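Chemist: Encoded as structure tokens, here's the structure I'll be asking about.
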Amino acid sequence: MKLCYCGSGYLFGDCCEPFLKKVAVAPSAVVLMRSRYSAYCVANVDYLVQTTHSSTRKLYPKSSILEFATQNHWLQLEILSATHDTVTFKAYYLDASLAPQVHYEESTFVLEDGAWYYVEGNYEL
Ligand SMILES: [Zn+2]
């Protein structure tokens with residue numbers, strides 16, 4: 001058994017995997033954010049598209065999500081703070097030339113029809 005990519009300390013099968021397999025719906029913005037990080041780790045592009053809100057989905061084409069997910073080697077997620085509908089985090093990864101990088105973002109989420117969606121990210125922190 002494998003520990004979850006999101007760093008929760010739980011097994012993947014007890015943490016983000018049920019969301020990625022669509023047998024459960026993330027109950028909060030921060031849980032959705034963690035599951036989206038795990039989706040990047042396993043390059044589950046469909047999940048990333050489906051959990052992006054319809055209003056901004058066209059800004060994140062499948063091809064760019066796939067490229068961002070697979071050209072980098074994802075190391076660690078660090079949640080810095082979270083509110084009801086925002087999550088500020090750092091995602092540590094090695095880029096295509098194996099240089100260490102940090103993706104620093106404040107993400108905004110919205111709850112619609114009982115499911116949380118990623119709306120957009122602020123990178124100017
Ligand atoms: Zn997880």
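Numbering starts fresh at 1 for the residues of each chain in the structure tokens, the chains themselves are lettered A, B, ... in the order given, and ligands are numbered from 1 as they appear.
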Can you pull out every residue within 12 Å of Glu105 of chain A, counting only C-alpha atoms, but drop anything in the same chain fewer than 3 positions away, and send it as a list in words?

Modeler: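 Surrounding residues, per the criterion: Met33, Leu77, Glu78, Ile79, Leu80, Ser81, Ala82, Thr86, Val87, Thr88, Phe89, Lys90, Ala91, Tyr92, Val102, Thr108, Glu120, Gly121, Asn122, Tyr123, Glu124 and Leu125 of chain A.
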
Chemist: Write as a count of residues only the residues around ligand 1, taking 9 Å as the cut-off and counting only C-alpha atoms and all ligand atoms.

Modeler: 21

Chemist: Taking the chain letters and numbering used in this document, name the residues of segment 18-112 of chain A that DSSP puts in strand (DSSP E), as an MDAnalysis selection string.

Modeler: chainID A and resid 73:82 86:94 100:112

Chemist: Grab the residues selected above and save them as a short mmCIF file (atom, residue, chain, number, x, y, z; two decimals), in the first residue's frame with N, CA and C atoms.

Modeler:
data_model
loop_
_atom_site.label_atom_id
_atom_site.label_comp_id
_atom_site.auth_asym_id
_atom_site.auth_seq_id
_atom_site.Cartn_x
_atom_site.Cartn_y
_atom_site.Cartn_z
N HIS A 73 8.50 16.28 -12.08
CA HIS A 73 8.47 15.19 -11.10
C HIS A 73 8.02 15.79 -9.77
N TRP A 74 6.82 15.41 -9.35
CA TRP A 74 6.19 16.04 -8.19
C TRP A 74 6.74 15.45 -6.90
N LEU A 75 7.19 16.33 -6.01
CA LEU A 75 7.87 15.88 -4.79
C LEU A 75 7.01 16.00 -3.55
N GLN A 76 6.35 17.15 -3.38
CA GLN A 76 5.69 17.40 -2.10
C GLN A 76 4.71 18.56 -2.19
N LEU A 77 3.62 18.43 -1.46
CA LEU A 77 2.64 19.50 -1.34
C LEU A 77 2.70 20.06 0.07
N GLU A 78 2.71 21.39 0.16
CA GLU A 78 2.66 22.05 1.47
C GLU A 78 1.51 23.05 1.46
N ILE A 79 0.50 22.78 2.31
CA ILE A 79 -0.62 23.70 2.44
C ILE A 79 -0.22 24.76 3.46
N LEU A 80 -0.24 26.01 3.05
CA LEU A 80 0.19 27.09 3.94
C LEU A 80 -0.99 27.66 4.72
N SER A 81 -2.13 27.79 4.05
CA SER A 81 -3.33 28.28 4.73
C SER A 81 -4.53 27.95 3.87
N ALA A 82 -5.68 27.92 4.52
CA ALA A 82 -6.91 27.63 3.79
C ALA A 82 -8.07 28.32 4.45
N THR A 86 -10.63 29.25 -0.35
CA THR A 86 -9.30 29.49 -0.91
C THR A 86 -8.29 28.57 -0.24
N VAL A 87 -7.24 28.26 -0.98
CA VAL A 87 -6.14 27.46 -0.43
C VAL A 87 -4.83 28.06 -0.94
N THR A 88 -3.93 28.34 -0.01
CA THR A 88 -2.60 28.82 -0.39
C THR A 88 -1.62 27.69 -0.15
N PHE A 89 -0.84 27.39 -1.17
CA PHE A 89 0.02 26.20 -1.07
C PHE A 89 1.31 26.39 -1.85
N LYS A 90 2.26 25.51 -1.54
CA LYS A 90 3.47 25.38 -2.34
C LYS A 90 3.55 23.93 -2.79
N ALA A 91 3.83 23.75 -4.07
CA ALA A 91 4.05 22.41 -4.61
C ALA A 91 5.50 22.34 -5.08
N TYR A 92 6.24 21.39 -4.53
CA TYR A 92 7.65 21.26 -4.84
C TYR A 92 7.83 20.19 -5.91
N TYR A 93 8.64 20.51 -6.91
CA TYR A 93 8.85 19.53 -7.99
C TYR A 93 10.19 19.74 -8.65
N LEU A 94 10.60 18.72 -9.41
CA LEU A 94 11.77 18.84 -10.26
C LEU A 94 11.26 19.05 -11.67
N PRO A 100 15.19 21.85 -9.10
CA PRO A 100 14.11 21.99 -8.12
C PRO A 100 13.33 23.28 -8.32
N GLN A 101 12.00 23.17 -8.27
CA GLN A 101 11.12 24.32 -8.48
C GLN A 101 10.05 24.31 -7.41
N VAL A 102 9.47 25.51 -7.18
CA VAL A 102 8.35 25.61 -6.25
C VAL A 102 7.21 26.34 -6.97
N HIS A 103 6.05 25.72 -6.99
CA HIS A 103 4.85 26.37 -7.53
C HIS A 103 4.08 26.92 -6.34
N TYR A 104 3.97 28.26 -6.27
CA TYR A 104 3.37 28.94 -5.14
C TYR A 104 2.08 29.59 -5.62
N GLU A 105 0.98 29.24 -5.02
CA GLU A 105 -0.31 29.69 -5.56
C GLU A 105 -1.36 29.84 -4.47
N GLU A 106 -2.21 30.85 -4.65
CA GLU A 106 -3.44 30.92 -3.87
C GLU A 106 -4.58 30.58 -4.83
N SER A 107 -5.21 29.45 -4.60
CA SER A 107 -6.30 28.99 -5.46
C SER A 107 -7.64 29.39 -4.89
N THR A 108 -8.56 29.70 -5.81
CA THR A 108 -9.93 30.00 -5.42
C THR A 108 -10.84 28.88 -5.92
N PHE A 109 -11.79 28.49 -5.08
CA PHE A 109 -12.71 27.39 -5.37
C PHE A 109 -14.14 27.87 -5.21
N VAL A 110 -15.05 27.15 -5.83
CA VAL A 110 -16.46 27.46 -5.67
C VAL A 110 -17.24 26.16 -5.48
N LEU A 111 -18.26 26.22 -4.63
CA LEU A 111 -19.14 25.07 -4.41
C LEU A 111 -20.36 25.24 -5.30
N GLU A 112 -20.60 24.26 -6.15
CA GLU A 112 -21.73 24.35 -7.07
C GLU A 112 -22.41 22.99 -7.16
#

Chemist: When DSSP works through the backbone of this structure, what residues of segment 15-121 of chain A end up as helix (DSSP H, G or I), shown as an mmCIF file with all heavy atoms, in the first residue's frame?

Modeler:
data_model
loop_
_atom_site.group_PDB
_atom_site.id
_atom_site.type_symbol
_atom_site.label_atom_id
_atom_site.label_comp_id
_atom_site.auth_asym_id
_atom_site.auth_seq_id
_atom_site.Cartn_x
_atom_site.Cartn_y
_atom_site.Cartn_z
ATOM 1 N N GLU A 17 -7.488 8.831 -3.635
ATOM 2 C CA GLU A 17 -7.868 7.921 -4.720
ATOM 3 C C GLU A 17 -9.389 7.821 -4.948
ATOM 4 O O GLU A 17 -9.838 7.832 -6.095
ATOM 5 C CB GLU A 17 -7.277 6.527 -4.487
ATOM 6 C CG GLU A 17 -7.421 5.629 -5.710
ATOM 7 C CD GLU A 17 -6.793 4.256 -5.514
ATOM 8 O OE1 GLU A 17 -6.825 3.729 -4.394
ATOM 9 O OE2 GLU A 17 -6.280 3.720 -6.509
ATOM 10 N N PRO A 18 -10.212 7.754 -3.881
ATOM 11 C CA PRO A 18 -11.662 7.677 -4.116
ATOM 12 C C PRO A 18 -12.203 8.889 -4.882
ATOM 13 O O PRO A 18 -13.161 8.759 -5.641
ATOM 14 C CB PRO A 18 -12.253 7.627 -2.699
ATOM 15 C CG PRO A 18 -11.140 7.116 -1.849
ATOM 16 C CD PRO A 18 -9.878 7.643 -2.465
ATOM 17 N N PHE A 19 -11.586 10.061 -4.703
ATOM 18 C CA PHE A 19 -12.020 11.251 -5.453
ATOM 19 C C PHE A 19 -11.596 11.118 -6.916
ATOM 20 O O PHE A 19 -12.375 11.396 -7.821
ATOM 21 C CB PHE A 19 -11.436 12.526 -4.844
ATOM 22 C CG PHE A 19 -11.710 12.666 -3.373
ATOM 23 C CD1 PHE A 19 -10.692 12.911 -2.467
ATOM 24 C CD2 PHE A 19 -13.007 12.533 -2.893
ATOM 25 C CE1 PHE A 19 -10.955 13.032 -1.114
ATOM 26 C CE2 PHE A 19 -13.278 12.652 -1.535
ATOM 27 C CZ PHE A 19 -12.245 12.894 -0.640
ATOM 28 N N LEU A 20 -10.352 10.671 -7.131
ATOM 29 C CA LEU A 20 -9.849 10.518 -8.494
ATOM 30 C C LEU A 20 -10.635 9.456 -9.257
ATOM 31 O O LEU A 20 -10.804 9.550 -10.467
ATOM 32 C CB LEU A 20 -8.352 10.168 -8.479
ATOM 33 C CG LEU A 20 -7.385 11.354 -8.498
ATOM 34 C CD1 LEU A 20 -7.602 12.307 -7.345
ATOM 35 C CD2 LEU A 20 -5.951 10.873 -8.497
ATOM 36 N N ALA A 29 -12.928 22.660 -0.052
ATOM 37 C CA ALA A 29 -11.973 23.209 -1.014
ATOM 38 C C ALA A 29 -10.574 22.636 -0.782
ATOM 39 O O ALA A 29 -9.882 22.253 -1.727
ATOM 40 C CB ALA A 29 -11.953 24.732 -0.902
ATOM 41 N N VAL A 30 -10.176 22.534 0.477
ATOM 42 C CA VAL A 30 -8.803 22.080 0.738
ATOM 43 C C VAL A 30 -8.637 20.601 0.384
ATOM 44 O O VAL A 30 -7.599 20.188 -0.143
ATOM 45 C CB VAL A 30 -8.354 22.410 2.192
ATOM 46 C CG1 VAL A 30 -9.119 21.594 3.218
ATOM 47 C CG2 VAL A 30 -6.856 22.213 2.357
ATOM 48 N N VAL A 31 -9.662 19.809 0.604
ATOM 49 C CA VAL A 31 -9.601 18.385 0.233
ATOM 50 C C VAL A 31 -9.564 18.246 -1.291
ATOM 51 O O VAL A 31 -8.824 17.429 -1.841
ATOM 52 C CB VAL A 31 -10.771 17.599 0.863
ATOM 53 C CG1 VAL A 31 -10.829 16.173 0.313
ATOM 54 C CG2 VAL A 31 -10.623 17.560 2.376
ATOM 55 N N LEU A 32 -10.346 19.088 -1.970
ATOM 56 C CA LEU A 32 -10.305 19.049 -3.440
ATOM 57 C C LEU A 32 -8.918 19.440 -3.944
ATOM 58 O O LEU A 32 -8.366 18.812 -4.851
ATOM 59 C CB LEU A 32 -11.346 19.991 -4.054
ATOM 60 C CG LEU A 32 -11.311 19.971 -5.589
ATOM 61 C CD1 LEU A 32 -11.871 18.664 -6.138
ATOM 62 C CD2 LEU A 32 -12.025 21.151 -6.193
ATOM 63 N N MET A 33 -8.348 20.474 -3.318
ATOM 64 C CA MET A 33 -7.021 20.921 -3.736
ATOM 65 C C MET A 33 -5.988 19.797 -3.571
ATOM 66 O O MET A 33 -5.172 19.557 -4.464
ATOM 67 C CB MET A 33 -6.644 22.153 -2.898
ATOM 68 C CG MET A 33 -5.486 22.945 -3.430
ATOM 69 S SD MET A 33 -3.964 22.268 -2.850
ATOM 70 C CE MET A 33 -3.074 22.084 -4.367
ATOM 71 N N ARG A 34 -6.050 19.100 -2.436
ATOM 72 C CA ARG A 34 -5.116 17.992 -2.199
ATOM 73 C C ARG A 34 -5.296 16.924 -3.276
ATOM 74 O O ARG A 34 -4.318 16.370 -3.788
ATOM 75 C CB ARG A 34 -5.354 17.357 -0.822
ATOM 76 C CG ARG A 34 -5.218 18.301 0.357
ATOM 77 C CD ARG A 34 -5.313 17.545 1.686
ATOM 78 N NE ARG A 34 -4.016 16.999 2.014
ATOM 79 C CZ ARG A 34 -3.134 17.584 2.823
ATOM 80 N NH1 ARG A 34 -3.437 18.724 3.421
ATOM 81 N NH2 ARG A 34 -1.966 17.041 3.052
ATOM 82 N N SER A 35 -6.555 16.636 -3.612
ATOM 83 C CA SER A 35 -6.812 15.584 -4.594
ATOM 84 C C SER A 35 -6.339 16.017 -5.983
ATOM 85 O O SER A 35 -5.901 15.190 -6.777
ATOM 86 C CB SER A 35 -8.307 15.226 -4.620
ATOM 87 O OG SER A 35 -9.076 16.261 -5.203
ATOM 88 N N ARG A 36 -6.409 17.318 -6.270
ATOM 89 C CA ARG A 36 -5.926 17.797 -7.561
ATOM 90 C C ARG A 36 -4.405 17.707 -7.628
ATOM 91 O O ARG A 36 -3.840 17.399 -8.678
ATOM 92 C CB ARG A 36 -6.424 19.224 -7.822
ATOM 93 C CG ARG A 36 -7.918 19.259 -8.201
ATOM 94 C CD ARG A 36 -8.429 20.699 -8.313
ATOM 95 N NE ARG A 36 -7.573 21.517 -9.150
ATOM 96 C CZ ARG A 36 -7.716 21.617 -10.481
ATOM 97 N NH1 ARG A 36 -8.681 20.993 -11.109
ATOM 98 N NH2 ARG A 36 -6.881 22.388 -11.160
ATOM 99 N N TYR A 37 -3.727 17.949 -6.505
ATOM 100 C CA TYR A 37 -2.273 17.737 -6.487
ATOM 101 C C TYR A 37 -1.954 16.267 -6.779
ATOM 102 O O TYR A 37 -1.088 15.958 -7.610
ATOM 103 C CB TYR A 37 -1.687 18.158 -5.123
ATOM 104 C CG TYR A 37 -0.227 17.793 -4.995
ATOM 105 C CD1 TYR A 37 0.767 18.602 -5.548
ATOM 106 C CD2 TYR A 37 0.162 16.611 -4.358
ATOM 107 C CE1 TYR A 37 2.103 18.244 -5.470
ATOM 108 C CE2 TYR A 37 1.494 16.252 -4.280
ATOM 109 C CZ TYR A 37 2.460 17.074 -4.830
ATOM 110 O OH TYR A 37 3.793 16.708 -4.756
ATOM 111 N N SER A 38 -2.681 15.364 -6.116
ATOM 112 C CA SER A 38 -2.470 13.937 -6.367
ATOM 113 C C SER A 38 -2.757 13.592 -7.827
ATOM 114 O O SER A 38 -2.072 12.758 -8.420
ATOM 115 C CB SER A 38 -3.351 13.084 -5.442
ATOM 116 O OG SER A 38 -2.905 13.207 -4.110
ATOM 117 N N ALA A 39 -3.746 14.256 -8.409
ATOM 118 C CA ALA A 39 -4.071 14.019 -9.816
ATOM 119 C C ALA A 39 -2.909 14.436 -10.721
ATOM 120 O O ALA A 39 -2.626 13.770 -11.721
ATOM 121 C CB ALA A 39 -5.346 14.761 -10.201
ATOM 122 N N TYR A 40 -2.230 15.526 -10.341
ATOM 123 C CA TYR A 40 -1.031 15.900 -11.101
ATOM 124 C C TYR A 40 0.038 14.813 -10.968
ATOM 125 O O TYR A 40 0.710 14.472 -11.939
ATOM 126 C CB TYR A 40 -0.475 17.250 -10.627
ATOM 127 C CG TYR A 40 -1.101 18.421 -11.345
ATOM 128 C CD1 TYR A 40 -2.071 19.210 -10.720
ATOM 129 C CD2 TYR A 40 -0.747 18.728 -12.654
ATOM 130 C CE1 TYR A 40 -2.668 20.267 -11.387
ATOM 131 C CE2 TYR A 40 -1.328 19.787 -13.328
ATOM 132 C CZ TYR A 40 -2.280 20.555 -12.692
ATOM 133 O OH TYR A 40 -2.867 21.594 -13.362
ATOM 134 N N CYS A 41 0.179 14.255 -9.782
ATOM 135 C CA CYS A 41 1.207 13.226 -9.549
ATOM 136 C C CYS A 41 0.979 11.995 -10.413
ATOM 137 O O CYS A 41 1.932 11.356 -10.849
ATOM 138 C CB CYS A 41 1.234 12.822 -8.077
ATOM 139 S SG CYS A 41 1.744 14.156 -6.985
ATOM 140 N N VAL A 45 -5.534 13.645 -16.010
ATOM 141 C CA VAL A 45 -5.948 14.905 -16.633
ATOM 142 C C VAL A 45 -7.467 15.069 -16.616
ATOM 143 O O VAL A 45 -7.978 16.167 -16.393
ATOM 144 C CB VAL A 45 -5.400 14.985 -18.079
ATOM 145 C CG1 VAL A 45 -5.881 16.253 -18.770
ATOM 146 C CG2 VAL A 45 -3.887 14.951 -18.067
ATOM 147 N N ASP A 46 -8.198 13.978 -16.822
ATOM 148 C CA ASP A 46 -9.660 14.061 -16.836
ATOM 149 C C ASP A 46 -10.186 14.611 -15.512
ATOM 150 O O ASP A 46 -11.091 15.446 -15.487
ATOM 151 C CB ASP A 46 -10.282 12.683 -17.097
ATOM 152 C CG ASP A 46 -10.101 12.273 -18.557
ATOM 153 O OD1 ASP A 46 -9.863 13.166 -19.398
ATOM 154 O OD2 ASP A 46 -10.183 11.069 -18.839
ATOM 155 N N TYR A 47 -9.608 14.138 -14.408
ATOM 156 C CA TYR A 47 -10.035 14.622 -13.094
ATOM 157 C C TYR A 47 -9.751 16.120 -12.957
ATOM 158 O O TYR A 47 -10.576 16.873 -12.431
ATOM 159 C CB TYR A 47 -9.320 13.838 -11.983
ATOM 160 C CG TYR A 47 -9.763 14.236 -10.595
ATOM 161 C CD1 TYR A 47 -10.973 13.789 -10.080
ATOM 162 C CD2 TYR A 47 -8.973 15.066 -9.799
ATOM 163 C CE1 TYR A 47 -11.394 14.159 -8.805
ATOM 164 C CE2 TYR A 47 -9.383 15.435 -8.526
ATOM 165 C CZ TYR A 47 -10.590 14.982 -8.033
ATOM 166 O OH TYR A 47 -11.000 15.357 -6.773
ATOM 167 N N LEU A 48 -8.579 16.540 -13.438
ATOM 168 C CA LEU A 48 -8.219 17.956 -13.334
ATOM 169 C C LEU A 48 -9.158 18.820 -14.169
ATOM 170 O O LEU A 48 -9.549 19.911 -13.742
ATOM 171 C CB LEU A 48 -6.755 18.144 -13.751
ATOM 172 C CG LEU A 48 -5.785 17.532 -12.735
ATOM 173 C CD1 LEU A 48 -4.418 17.301 -13.348
ATOM 174 C CD2 LEU A 48 -5.677 18.426 -11.505
ATOM 175 N N VAL A 49 -9.539 18.339 -15.329
ATOM 176 C CA VAL A 49 -10.482 19.087 -16.173
ATOM 177 C C VAL A 49 -11.856 19.122 -15.509
ATOM 178 O O VAL A 49 -12.481 20.180 -15.391
ATOM 179 C CB VAL A 49 -10.564 18.460 -17.583
ATOM 180 C CG1 VAL A 49 -11.704 19.082 -18.379
ATOM 181 C CG2 VAL A 49 -9.241 18.639 -18.321
ATOM 182 N N GLN A 50 -12.302 17.955 -15.022
ATOM 183 C CA GLN A 50 -13.646 17.875 -14.444
ATOM 184 C C GLN A 50 -13.793 18.692 -13.165
ATOM 185 O O GLN A 50 -14.895 19.137 -12.833
ATOM 186 C CB GLN A 50 -13.999 16.410 -14.143
ATOM 187 C CG GLN A 50 -14.345 15.620 -15.403
ATOM 188 C CD GLN A 50 -14.077 14.126 -15.253
ATOM 189 O OE1 GLN A 50 -13.837 13.639 -14.146
ATOM 190 N NE2 GLN A 50 -14.113 13.419 -16.357
ATOM 191 N N ARG A 57 -12.647 26.731 -17.369
ATOM 192 C CA ARG A 57 -12.101 25.466 -17.883
ATOM 193 C C ARG A 57 -11.341 25.655 -19.191
ATOM 194 O O ARG A 57 -10.318 25.030 -19.421
ATOM 195 C CB ARG A 57 -13.256 24.471 -18.074
ATOM 196 C CG ARG A 57 -12.805 23.042 -18.181
ATOM 197 C CD ARG A 57 -14.001 22.106 -18.205
ATOM 198 N NE ARG A 57 -14.546 21.891 -16.865
ATOM 199 C CZ ARG A 57 -15.668 21.195 -16.631
ATOM 200 N NH1 ARG A 57 -16.328 20.663 -17.642
ATOM 201 N NH2 ARG A 57 -16.109 21.031 -15.390
ATOM 202 N N LYS A 58 -11.837 26.589 -20.026
ATOM 203 C CA LYS A 58 -11.194 26.759 -21.331
ATOM 204 C C LYS A 58 -9.786 27.365 -21.214
ATOM 205 O O LYS A 58 -8.997 27.298 -22.146
ATOM 206 C CB LYS A 58 -12.063 27.597 -22.256
ATOM 207 C CG LYS A 58 -12.303 29.020 -21.772
ATOM 208 C CD LYS A 58 -13.149 29.786 -22.776
ATOM 209 C CE LYS A 58 -13.372 31.221 -22.353
ATOM 210 N NZ LYS A 58 -14.028 31.354 -21.011
ATOM 211 N N LEU A 59 -9.486 27.963 -20.061
ATOM 212 C CA LEU A 59 -8.161 28.545 -19.849
ATOM 213 C C LEU A 59 -7.107 27.482 -19.567
ATOM 214 O O LEU A 59 -5.915 27.754 -19.573
ATOM 215 C CB LEU A 59 -8.188 29.529 -18.671
ATOM 216 C CG LEU A 59 -9.178 30.684 -18.762
ATOM 217 C CD1 LEU A 59 -9.159 31.498 -17.482
ATOM 218 C CD2 LEU A 59 -8.838 31.565 -19.957
ATOM 219 N N LYS A 62 -6.488 20.629 -21.963
ATOM 220 C CA LYS A 62 -6.011 19.298 -21.578
ATOM 221 C C LYS A 62 -4.536 19.090 -21.880
ATOM 222 O O LYS A 62 -3.799 18.524 -21.087
ATOM 223 C CB LYS A 62 -6.811 18.243 -22.348
ATOM 224 C CG LYS A 62 -7.811 17.505 -21.495
ATOM 225 C CD LYS A 62 -8.491 16.410 -22.299
ATOM 226 C CE LYS A 62 -9.130 15.426 -21.335
ATOM 227 N NZ LYS A 62 -9.905 14.380 -21.989
ATOM 228 N N SER A 63 -4.111 19.575 -23.063
ATOM 229 C CA SER A 63 -2.726 19.353 -23.479
ATOM 230 C C SER A 63 -1.751 20.046 -22.528
ATOM 231 O O SER A 63 -0.702 19.491 -22.189
ATOM 232 C CB SER A 63 -2.526 19.852 -24.896
ATOM 233 O OG SER A 63 -2.943 21.194 -24.988
ATOM 234 N N SER A 64 -2.098 21.262 -22.052
ATOM 235 C CA SER A 64 -1.171 21.953 -21.133
ATOM 236 C C SER A 64 -1.180 21.307 -19.762
ATOM 237 O O SER A 64 -0.143 21.242 -19.093
ATOM 238 C CB SER A 64 -1.477 23.440 -20.980
ATOM 239 O OG SER A 64 -2.469 23.861 -21.818
ATOM 240 N N ILE A 65 -2.354 20.814 -19.330
ATOM 241 C CA ILE A 65 -2.406 20.123 -18.039
ATOM 242 C C ILE A 65 -1.529 18.870 -18.100
ATOM 243 O O ILE A 65 -0.719 18.612 -17.202
ATOM 244 C CB ILE A 65 -3.856 19.734 -17.677
ATOM 245 C CG1 ILE A 65 -4.712 20.982 -17.463
ATOM 246 C CG2 ILE A 65 -3.877 18.864 -16.419
ATOM 247 C CD1 ILE A 65 -6.186 20.689 -17.222
ATOM 248 N N LEU A 66 -1.688 18.121 -19.184
ATOM 249 C CA LEU A 66 -0.915 16.882 -19.322
ATOM 250 C C LEU A 66 0.582 17.174 -19.350
ATOM 251 O O LEU A 66 1.370 16.483 -18.694
ATOM 252 C CB LEU A 66 -1.333 16.148 -20.607
ATOM 253 C CG LEU A 66 -0.633 14.807 -20.831
ATOM 254 C CD1 LEU A 66 -1.007 13.806 -19.739
ATOM 255 C CD2 LEU A 66 -0.989 14.233 -22.207
ATOM 256 N N GLU A 67 0.950 18.235 -20.064
ATOM 257 C CA GLU A 67 2.367 18.580 -20.157
ATOM 258 C C GLU A 67 2.915 18.984 -18.795
ATOM 259 O O GLU A 67 3.981 18.519 -18.373
ATOM 260 C CB GLU A 67 2.536 19.723 -21.163
ATOM 261 C CG GLU A 67 3.977 19.971 -21.550
ATOM 262 C CD GLU A 67 4.100 21.144 -22.514
ATOM 263 O OE1 GLU A 67 3.188 21.327 -23.347
ATOM 264 O OE2 GLU A 67 5.086 21.874 -22.406
ATOM 265 N N PHE A 68 2.164 19.839 -18.086
ATOM 266 C CA PHE A 68 2.611 20.301 -16.770
ATOM 267 C C PHE A 68 2.702 19.122 -15.790
ATOM 268 O O PHE A 68 3.615 19.057 -14.967
ATOM 269 C CB PHE A 68 1.637 21.363 -16.245
ATOM 270 C CG PHE A 68 2.145 22.133 -15.051
ATOM 271 C CD1 PHE A 68 3.338 22.834 -15.105
ATOM 272 C CD2 PHE A 68 1.410 22.171 -13.873
ATOM 273 C CE1 PHE A 68 3.796 23.551 -14.005
ATOM 274 C CE2 PHE A 68 1.857 22.895 -12.760
ATOM 275 C CZ PHE A 68 3.054 23.583 -12.836
ATOM 276 N N ALA A 69 1.756 18.185 -15.906
ATOM 277 C CA ALA A 69 1.729 17.038 -14.991
ATOM 278 C C ALA A 69 2.887 16.081 -15.242
ATOM 279 O O ALA A 69 3.487 15.564 -14.306
ATOM 280 C CB ALA A 69 0.401 16.296 -15.118
ATOM 281 N N THR A 70 3.186 15.845 -16.528
ATOM 282 C CA THR A 70 4.138 14.776 -16.848
ATOM 283 C C THR A 70 5.573 15.245 -17.052
ATOM 284 O O THR A 70 6.500 14.457 -16.886
ATOM 285 C CB THR A 70 3.694 14.013 -18.124
ATOM 286 O OG1 THR A 70 3.523 14.952 -19.180
ATOM 287 C CG2 THR A 70 2.403 13.272 -17.868
ATOM 288 N N GLN A 71 5.768 16.512 -17.408
ATOM 289 C CA GLN A 71 7.160 16.929 -17.642
ATOM 290 C C GLN A 71 7.873 17.190 -16.305
ATOM 291 O O GLN A 71 9.094 17.257 -16.266
ATOM 292 C CB GLN A 71 7.226 18.164 -18.535
ATOM 293 C CG GLN A 71 6.884 19.463 -17.819
ATOM 294 C CD GLN A 71 6.963 20.673 -18.739
ATOM 295 O OE1 GLN A 71 7.282 20.540 -19.912
ATOM 296 N NE2 GLN A 71 6.664 21.839 -18.210
#

Chemist: Which distance in Å separates atom CA of Ala115 of chain A and atom CA of His53 of chain A, to one decimal?

Modeler: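 Calculated distance between atom CA of Ala115 of chain A and atom CA of His53 of chain A is 10.1 Å.
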
Chemist: Taking into account only C-alpha atoms, which residue in the set A:Val119, A:Thr51, A:Thr56, A:Asp85 is nearest to Val25 of chain A?

Modeler: A:Thr51
